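Have a look at work.pdb below; it lists PDB, C-alpha atoms.
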ATOM      1  CA  MET A   1     -34.313  39.149  14.813
ATOM      2  CA  ILE A   2     -37.719  40.913  14.857
ATOM      3  CA  SER A   3     -40.682  38.568  15.290
ATOM      4  CA  LYS A   4     -43.598  38.887  12.891
ATOM      5  CA  ILE A   5     -46.922  39.076  14.740
ATOM      6  CA  LEU A   6     -50.494  38.545  13.579
ATOM      7  CA  ILE A   7     -53.260  39.818  15.900
ATOM      8  CA  LEU A   8     -56.815  38.540  15.567
ATOM      9  CA  GLY A   9     -59.528  40.895  16.755
ATOM     10  CA  LYS A  10     -59.182  43.979  14.552
ATOM     11  CA  LYS A  11     -61.307  46.622  16.327
ATOM     12  CA  GLY A  12     -61.588  44.967  19.762
ATOM     13  CA  PHE A  13     -60.285  46.619  22.937
ATOM     14  CA  VAL A  14     -57.240  44.399  23.482
ATOM     15  CA  ALA A  15     -56.458  43.866  19.800
ATOM     16  CA  SER A  16     -56.557  47.548  18.817
ATOM     17  CA  ASN A  17     -54.509  48.732  21.808
ATOM     18  CA  LEU A  18     -51.976  45.923  21.428
ATOM     19  CA  PHE A  19     -51.644  46.627  17.701
ATOM     20  CA  ASN A  20     -51.062  50.357  18.280
ATOM     21  CA  TYR A  21     -48.454  49.654  20.951
ATOM     22  CA  LEU A  22     -46.535  47.147  18.813
ATOM     23  CA  LYS A  23     -46.595  49.514  15.828
ATOM     24  CA  LYS A  24     -45.198  52.270  18.033
ATOM     25  CA  GLU A  25     -42.417  49.889  19.095
ATOM     26  CA  LYS A  26     -41.570  49.250  15.413
ATOM     27  CA  ALA A  27     -42.731  45.629  15.503
ATOM     28  CA  TYR A  28     -43.756  43.789  12.335
ATOM     29  CA  VAL A  29     -47.463  43.391  13.090
ATOM     30  CA  ALA A  30     -50.793  42.906  11.306
ATOM     31  CA  ASN A  31     -54.331  43.009  12.722
ATOM     32  CA  ILE A  32     -57.267  41.208  11.063
ATOM     33  CA  ASP A  33     -60.736  39.901  11.928
ATOM     34  CA  PHE A  34     -61.068  36.226  12.798
ATOM     35  CA  LYS A  35     -63.385  35.621   9.813
ATOM     36  CA  HIS A  36     -60.620  36.809   7.497
ATOM     37  CA  PHE A  37     -58.059  34.643   9.297
ATOM     38  CA  PHE A  38     -60.189  31.572   8.753
ATOM     39  CA  PHE A  39     -59.907  31.947   4.973
ATOM     40  CA  LYS A  40     -56.192  32.828   4.898
ATOM     41  CA  LYS A  41     -53.969  30.397   3.002
ATOM     42  CA  LYS A  42     -50.982  28.564   4.443
ATOM     43  CA  ASN A  43     -48.463  30.763   2.593
ATOM     44  CA  TYR A  44     -49.893  33.871   4.320
ATOM     45  CA  LEU A  45     -49.955  32.445   7.849
ATOM     46  CA  GLU A  46     -46.452  30.965   7.705
ATOM     47  CA  LYS A  47     -45.024  34.484   7.279
ATOM     48  CA  PHE A  48     -45.731  35.071  10.982
ATOM     49  CA  ASP A  49     -43.875  33.853  14.052
ATOM     50  CA  TYR A  50     -46.771  34.536  16.439
ATOM     51  CA  ILE A  51     -50.555  34.606  16.214
ATOM     52  CA  ILE A  52     -52.324  36.341  19.115
ATOM     53  CA  ASN A  53     -56.039  35.709  19.447
ATOM     54  CA  CYS A  54     -57.936  38.641  20.988
ATOM     55  CA  SER A  55     -61.316  37.661  19.558
ATOM     56  CA  THR A  56     -64.247  35.648  20.907
ATOM     57  CA  ASN A  57     -67.997  35.290  20.371
ATOM     58  CA  LYS A  58     -71.193  35.424  22.407
ATOM     59  CA  LYS A  59     -71.946  31.732  22.081
ATOM     60  CA  PHE A  60     -68.552  30.849  23.577
ATOM     61  CA  ILE A  61     -69.177  33.184  26.514
ATOM     62  CA  LEU A  62     -72.778  32.280  27.289
ATOM     63  CA  ARG A  63     -73.384  28.692  26.168
ATOM     64  CA  LYS A  64     -72.103  25.301  27.226
ATOM     65  CA  TYR A  65     -68.702  24.528  25.693
ATOM     66  CA  SER A  66     -68.658  23.509  22.049
ATOM     67  CA  LYS A  67     -65.633  23.274  19.772
ATOM     68  CA  LYS A  68     -67.533  25.040  17.010
ATOM     69  CA  ASN A  69     -67.695  28.163  19.224
ATOM     70  CA  ASP A  70     -64.079  27.926  20.427
ATOM     71  CA  LEU A  71     -61.930  30.214  18.265
ATOM     72  CA  ASN A  72     -58.736  29.192  20.084
ATOM     73  CA  PHE A  73     -59.392  25.552  19.227
ATOM     74  CA  LYS A  74     -59.962  26.482  15.568
ATOM     75  CA  ILE A  75     -56.726  28.483  15.418
ATOM     76  CA  ALA A  76     -54.643  25.740  17.027
ATOM     77  CA  LYS A  77     -56.112  23.179  14.631
ATOM     78  CA  LYS A  78     -55.483  25.396  11.593
ATOM     79  CA  ILE A  79     -51.804  26.069  12.377
ATOM     80  CA  ILE A  80     -50.850  22.597  13.603
ATOM     81  CA  GLY A  81     -48.853  21.907  10.439
ATOM     82  CA  LEU A  82     -47.104  25.301  10.471
ATOM     83  CA  SER A  83     -44.264  24.361  12.795
ATOM     84  CA  LYS A  84     -42.698  27.834  12.950
ATOM     85  CA  VAL A  85     -45.935  29.607  13.918
ATOM     86  CA  ASN A  86     -46.522  30.031  17.660
ATOM     87  CA  PHE A  87     -49.861  30.766  19.304
ATOM     88  CA  ILE A  88     -50.595  33.212  22.137
ATOM     89  CA  MET A  89     -53.932  32.554  23.798
ATOM     90  CA  LEU A  90     -55.572  35.093  26.105
ATOM     91  CA  SER A  91     -57.210  33.337  29.036
ATOM     92  CA  SER A  92     -58.701  34.718  32.247
ATOM     93  CA  ARG A  93     -58.032  34.909  35.986
ATOM     94  CA  LYS A  94     -61.609  33.611  36.349
ATOM     95  CA  VAL A  95     -60.390  30.027  35.873
ATOM     96  CA  TYR A  96     -59.057  30.174  39.454
ATOM     97  CA  LYS A  97     -60.749  30.049  42.817
ATOM     98  CA  ALA A  98     -60.817  33.697  43.917
ATOM     99  CA  LYS A  99     -58.311  34.443  46.694
ATOM    100  CA  PHE A 100     -55.201  36.473  47.434
ATOM    101  CA  ASN A 101     -51.907  35.829  45.583
ATOM    102  CA  ILE A 102     -52.996  33.046  43.210
ATOM    103  CA  THR A 103     -50.117  31.251  41.470
ATOM    104  CA  GLU A 104     -50.281  29.467  38.126
ATOM    105  CA  ALA A 105     -50.573  26.233  40.119
ATOM    106  CA  GLY A 106     -53.513  27.629  42.099
ATOM    107  CA  THR A 107     -56.825  25.820  42.486
ATOM    108  CA  LEU A 108     -58.810  25.834  39.257
ATOM    109  CA  LEU A 109     -62.434  26.546  40.056
ATOM    110  CA  PRO A 110     -64.235  28.266  37.171
ATOM    111  CA  SER A 111     -67.593  29.499  38.454
ATOM    112  CA  CYS A 112     -69.308  30.998  35.392
ATOM    113  CA  GLN A 113     -69.921  29.592  31.906
ATOM    114  CA  TYR A 114     -67.253  31.775  30.324
ATOM    115  CA  SER A 115     -64.564  30.703  32.809
ATOM    116  CA  LYS A 116     -65.486  27.043  32.329
ATOM    117  CA  ASN A 117     -65.258  27.467  28.568
ATOM    118  CA  ILE A 118     -61.945  29.345  28.543
ATOM    119  CA  LEU A 119     -60.353  26.683  30.764
ATOM    120  CA  ARG A 120     -61.624  23.974  28.420
ATOM    121  CA  SER A 121     -60.242  26.043  25.534
ATOM    122  CA  GLU A 122     -56.770  25.966  27.144
ATOM    123  CA  ILE A 123     -56.982  22.185  27.382
ATOM    124  CA  GLU A 124     -58.066  21.751  23.754
ATOM    125  CA  ALA A 125     -55.311  24.054  22.426
ATOM    126  CA  LYS A 126     -52.701  22.020  24.290
ATOM    127  CA  LYS A 127     -53.859  18.882  22.466
ATOM    128  CA  PHE A 128     -52.885  20.363  19.101
ATOM    129  CA  LEU A 129     -49.752  22.389  19.861
ATOM    130  CA  TYR A 130     -46.739  21.094  21.754
ATOM    131  CA  LYS A 131     -45.815  23.287  24.700
ATOM    132  CA  GLN A 132     -42.983  25.225  23.014
ATOM    133  CA  ARG A 133     -45.532  26.656  20.528
ATOM    134  CA  LEU A 134     -48.226  27.726  22.995
ATOM    135  CA  LEU A 135     -48.235  30.696  25.380
ATOM    136  CA  ILE A 136     -51.303  31.053  27.618
ATOM    137  CA  LEU A 137     -51.823  34.364  29.424
ATOM    138  CA  ARG A 138     -54.246  34.384  32.357
ATOM    139  CA  ILE A 139     -55.113  38.047  32.596
ATOM    140  CA  SER A 140     -56.491  40.221  35.387
ATOM    141  CA  ASN A 141     -58.810  43.206  34.802
ATOM    142  CA  LEU A 142     -57.388  45.441  32.066
ATOM    143  CA  ILE A 143     -57.683  49.230  32.250
ATOM    144  CA  GLY A 144     -57.527  51.338  29.084
ATOM    145  CA  TYR A 145     -59.485  53.194  26.443
ATOM    146  CA  ASN A 146     -62.315  51.050  25.150
ATOM    147  CA  LYS A 147     -64.255  52.634  22.312
ATOM    148  CA  PRO A 148     -68.007  52.642  23.100
ATOM    149  CA  SER A 149     -69.992  50.140  21.040
ATOM    150  CA  SER A 150     -73.318  48.330  21.321
ATOM    151  CA  LYS A 151     -71.578  45.235  19.936
ATOM    152  CA  LYS A 152     -69.208  44.761  22.891
ATOM    153  CA  ILE A 153     -69.111  41.152  24.029
ATOM    154  CA  LEU A 154     -66.759  41.370  27.012
ATOM    155  CA  LYS A 155     -66.908  44.662  28.912
ATOM    156  CA  THR A 156     -64.091  45.794  31.194
ATOM    157  CA  PHE A 157     -64.505  47.328  34.643
ATOM    158  CA  ALA A 158     -63.580  50.791  33.311
ATOM    159  CA  TYR A 159     -65.990  50.445  30.366
ATOM    160  CA  ASN A 160     -68.884  49.631  32.726
ATOM    161  CA  PHE A 161     -67.846  52.423  35.096
ATOM    162  CA  TYR A 162     -68.068  55.111  32.419
ATOM    163  CA  ASP A 163     -71.183  53.568  30.919
ATOM    164  CA  ASN A 164     -72.867  53.926  34.319
ATOM    165  CA  ILE A 165     -71.655  57.533  34.580
ATOM    166  CA  LYS A 166     -73.473  58.289  31.328
ATOM    167  CA  LYS A 167     -76.634  56.870  32.895
ATOM    168  CA  GLY A 168     -76.250  59.175  35.890
ATOM    169  CA  TYR A 169     -74.910  56.972  38.659
ATOM    170  CA  MET A 170     -71.633  55.647  39.976
ATOM    171  CA  ILE A 171     -70.921  52.305  41.628
ATOM    172  CA  LYS A 172     -68.821  52.192  44.777
ATOM    173  CA  ILE A 173     -67.662  49.030  46.566
ATOM    174  CA  SER A 174     -65.870  49.910  49.783
ATOM    175  CA  HIS A 175     -64.268  46.695  50.977
ATOM    176  CA  VAL A 176     -63.609  44.739  47.781
ATOM    177  CA  PHE A 177     -60.200  44.478  46.141
ATOM    178  CA  LYS A 178     -59.149  43.096  42.786
ATOM    179  CA  ASP A 179     -56.049  42.966  40.588
ATOM    180  CA  PHE A 180     -55.852  45.446  37.703
ATOM    181  CA  LEU A 181     -53.365  46.111  34.901
ATOM    182  CA  GLY A 182     -53.108  48.957  32.400
ATOM    183  CA  ILE A 183     -53.489  48.013  28.737
ATOM    184  CA  ASP A 184     -50.177  49.691  27.821
ATOM    185  CA  LYS A 185     -48.364  47.691  30.495
ATOM    186  CA  PHE A 186     -50.081  44.540  29.272
ATOM    187  CA  SER A 187     -48.904  45.277  25.726
ATOM    188  CA  GLU A 188     -45.352  45.859  26.941
ATOM    189  CA  ILE A 189     -45.427  42.519  28.764
ATOM    190  CA  VAL A 190     -46.680  40.682  25.663
ATOM    191  CA  LEU A 191     -43.853  42.141  23.586
ATOM    192  CA  LYS A 192     -41.258  41.143  26.198
ATOM    193  CA  LEU A 193     -42.604  37.588  26.331
ATOM    194  CA  ILE A 194     -42.353  37.357  22.542
ATOM    195  CA  GLN A 195     -38.809  38.710  22.558
ATOM    196  CA  LYS A 196     -37.867  36.101  25.181
ATOM    197  CA  LYS A 197     -39.588  33.367  23.110
ATOM    198  CA  CYS A 198     -41.583  32.285  26.170
ATOM    199  CA  TYR A 199     -44.122  29.489  26.283
ATOM    200  CA  GLY A 200     -46.298  27.882  28.942
ATOM    201  CA  THR A 201     -48.811  29.560  31.250
ATOM    202  CA  TYR A 202     -48.333  32.955  32.922
ATOM    203  CA  ASN A 203     -50.403  35.148  35.202
ATOM    204  CA  VAL A 204     -50.374  38.663  33.753
ATOM    205  CA  SER A 205     -51.263  41.216  36.399
ATOM    206  CA  LEU A 206     -50.081  43.979  38.686
ATOM    207  CA  GLY A 207     -49.950  41.418  41.489
ATOM    208  CA  LYS A 208     -51.225  43.855  44.148
ATOM    209  CA  LYS A 209     -54.452  44.541  45.995
ATOM    210  CA  ILE A 210     -56.279  47.468  44.437
ATOM    211  CA  PHE A 211     -59.431  48.343  46.352
ATOM    212  CA  ILE A 212     -62.386  49.247  44.151
ATOM    213  CA  LYS A 213     -62.843  52.558  45.960
ATOM    214  CA  LYS A 214     -59.289  53.519  44.928
ATOM    215  CA  ILE A 215     -59.684  52.578  41.261
ATOM    216  CA  VAL A 216     -63.005  54.467  41.225
ATOM    217  CA  SER A 217     -61.332  57.579  42.672
ATOM    218  CA  TRP A 218     -58.718  57.477  39.880
ATOM    219  CA  LEU A 219     -61.250  56.896  37.108
ATOM    220  CA  ASN A 220     -63.429  59.668  38.532
ATOM    221  CA  PHE A 221     -60.574  62.133  39.150
ATOM    222  CA  TYR A 222     -61.613  64.762  36.573
ATOM    223  CA  ASN A 223     -65.343  64.456  37.253
ATOM    224  CA  LYS A 224     -66.782  67.753  38.493
ATOM    225  CA  SER A 225     -70.419  66.640  38.476
ATOM    226  CA  SER A 226     -72.520  64.864  41.078
ATOM    227  CA  TYR A 227     -73.797  61.353  40.502
ATOM    228  CA  GLN A 228     -75.840  58.948  42.542
ATOM    229  CA  VAL A 229     -73.576  56.456  44.319
ATOM    230  CA  VAL A 230     -74.808  52.866  44.450
ATOM    231  CA  GLU A 231     -72.842  50.779  46.939
ATOM    232  CA  PHE A 232     -72.715  46.977  46.807
ATOM    233  CA  LYS A 233     -73.197  44.927  49.969
ATOM    234  CA  GLU A 234     -70.447  42.977  51.684
ATOM    235  CA  SER A 235     -71.589  39.715  50.052
ATOM    236  CA  HIS A 236     -69.721  40.780  46.896
ATOM    237  CA  SER A 237     -66.379  40.634  48.713
ATOM    238  CA  ASN A 238     -66.043  36.883  48.054
ATOM    239  CA  ASP A 239     -64.790  37.776  44.581
ATOM    240  CA  CYS A 240     -61.659  39.480  45.967
ATOM    241  CA  PHE A 241     -58.475  38.253  44.300
ATOM    242  CA  THR A 242     -54.927  39.011  43.253
ATOM    243  CA  LEU A 243     -52.741  37.050  40.856
ATOM    244  CA  CYS A 244     -49.180  36.196  41.817
ATOM    245  CA  ASN A 245     -46.953  37.437  38.974
ATOM    246  CA  LYS A 246     -43.585  36.261  40.329
ATOM    247  CA  LYS A 247     -43.106  33.759  37.499
ATOM    248  CA  LEU A 248     -43.719  36.528  34.962
ATOM    249  CA  MET A 249     -41.459  39.062  36.662
ATOM    250  CA  LYS A 250     -38.615  36.539  36.932
ATOM    251  CA  THR A 251     -38.880  35.839  33.212
ATOM    252  CA  ILE A 252     -39.011  39.357  31.783
ATOM    253  CA  SER A 253     -37.539  42.721  32.763
ATOM    254  CA  VAL A 254     -40.469  45.125  33.161
ATOM    255  CA  LYS A 255     -41.269  47.783  35.742
ATOM    256  CA  ASN A 256     -44.790  46.865  36.823
ATOM    257  CA  ARG A 257     -45.865  49.496  39.363
ATOM    258  CA  GLN A 258     -49.076  50.802  40.874
ATOM    259  CA  ILE A 259     -48.170  54.322  39.705
ATOM    260  CA  ASP A 260     -48.307  53.099  36.080
ATOM    261  CA  LEU A 261     -51.848  51.834  36.648
ATOM    262  CA  LYS A 262     -52.845  55.123  38.262
ATOM    263  CA  LYS A 263     -51.493  57.087  35.272
ATOM    264  CA  GLU A 264     -53.572  55.018  32.844
ATOM    265  CA  CYS A 265     -56.674  55.576  34.993
ATOM    266  CA  LEU A 266     -56.080  59.339  35.122
ATOM    267  CA  THR A 267     -55.547  59.421  31.358
ATOM    268  CA  LEU A 268     -58.915  57.691  30.911
ATOM    269  CA  SER A 269     -60.587  60.075  33.336
ATOM    270  CA  ARG A 270     -59.208  63.119  31.522
ATOM    271  CA  LYS A 271     -60.323  61.725  28.161
ATOM    272  CA  PHE A 272     -63.837  60.932  29.366
ATOM    273  CA  PHE A 273     -64.562  64.083  31.367
ATOM    274  CA  ARG A 274     -62.513  66.607  29.392
ATOM    275  CA  GLY A 275     -62.287  64.968  25.996
ATOM    276  CA  LYS A 276     -58.482  65.003  26.080
ATOM    277  CA  LYS A 277     -55.869  62.261  25.752
TER     278      LYS A 277
END
Is it possible to express this structure as structure tokens?
Amino acid sequence: MISKILILGKKGFVASNLFNYLKKEKAYVANIDFKHFFFKKKNYLEKFDYIINCSTNKKFILRKYSKKNDLNFKIAKKIIGLSKVNFIMLSSRKVYKAKFNITEAGTLLPSCQYSKNILRSEIEAKKFLYKQRLLILRISNLIGYNKPSSKKILKTFAYNFYDNIKKGYMIKISHVFKDFLGIDKFSEIVLKLIQKKCYGTYNVSLGKKIFIKKIVSWLNFYNKSSYQVVEFKESHSNDCFTLCNKKLMKTISVKNRQIDLKKECLTLSRKFFRGKK
């Protein structure tokens, strides 16, 4: 049986890419803004098996936690009486203490206001929805096409990289590694989790060390111009991390390889520097 999926976020980076992927896979999917969701009646929402929230707001990211700024809390509260509707919440790897190979049971140590708020958001959603209705995805850095916009709230590594290129310089960090994942691979993983009717908390990542200098070389592959290179000092290396994705990989059957990430980076590079997909 094909699950019916409602995505909240409309034109956002994750929402738009996820929507396009699910449509390509012949899924029954709709994509709307959160403000439209808020006014949707019960008979519309109960048509869906899953609601995926890809939206947020500046106040939630920058200010001290408040339920009125927490869209995940509002969604969970709104669908509490719709027993057949499940909720997929997108969380962040930033809820953890940064280190190598972090499991879902890893030390929770949110260090910025956004990470503190998203962890609190997880807790509040769990109060409204019993565990079989809630899937929380703690996501690493996503790589994919992100349409330029002055209204961006959360900017990805790749978005900032190309934004800096437009300004005439390129950032290089020699000894720092992070965990990245292509947006297409992320979308494939989400679909597999839905098909398996999964719930609980999962790390969603490549699960491998990717040094910044390597990701930069991929994103810059088709660049034939010269740009000023600004290199960060070693003090930035304390943010090195990878997420352990063993729980995820045991649950779903997906090839999650470094070569897939490289291909997505090269596709972005070609699009940016040559204007081709």
Restricting the calculation to only C-alpha atoms: of A:Ile52, A:Ala30, A:Leu191, A:Leu129, which residue gets closest to Ile79 (chain A)? A:Leu129
With 9 Å as the threshold, what does the neighbourhood of (-60.4, 53.9, 28.3) contain in terms of residues, counting only C-alpha atoms? Coordinates are those of the file; answer as number ranges by chain. A: 143-147, 158-159, 162, 264-265, 267-269, 271-272
Nearest to Lys41 (chain A) by atom-to-atom distance, counting only C-alpha atoms, from A:Lys67, A:Lys58, A:Lys192, A:Lys78: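 Of A:Lys67, A:Lys58, A:Lys192, A:Lys78, the one nearest Lys41 (chain A), counting only C-alpha atoms, is A:Lys78.
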Please provide the set of residues having any atom within 7 Å of Leu71 (chain A), restricted to only C-alpha atoms, with same-chain residues fewer than 3 positions apart removed, written as a list in words.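 Residues meeting the cut-off are Thr56, Lys74 and Ile75 of chain A.
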A:Ala125, A:Val85, A:Ile259, A:Leu119: which is nearest Phe60 (chain A), counting only C-alpha atoms? A:Leu119
Of the residues A:Lys94, A:Lys127, A:Arg274, A:Lys10, which is the one nearest to Ile80 (chain A), using all atoms listed in the file?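 That would be A:Lys127, the residue with the smallest distance to Ile80 (chain A).
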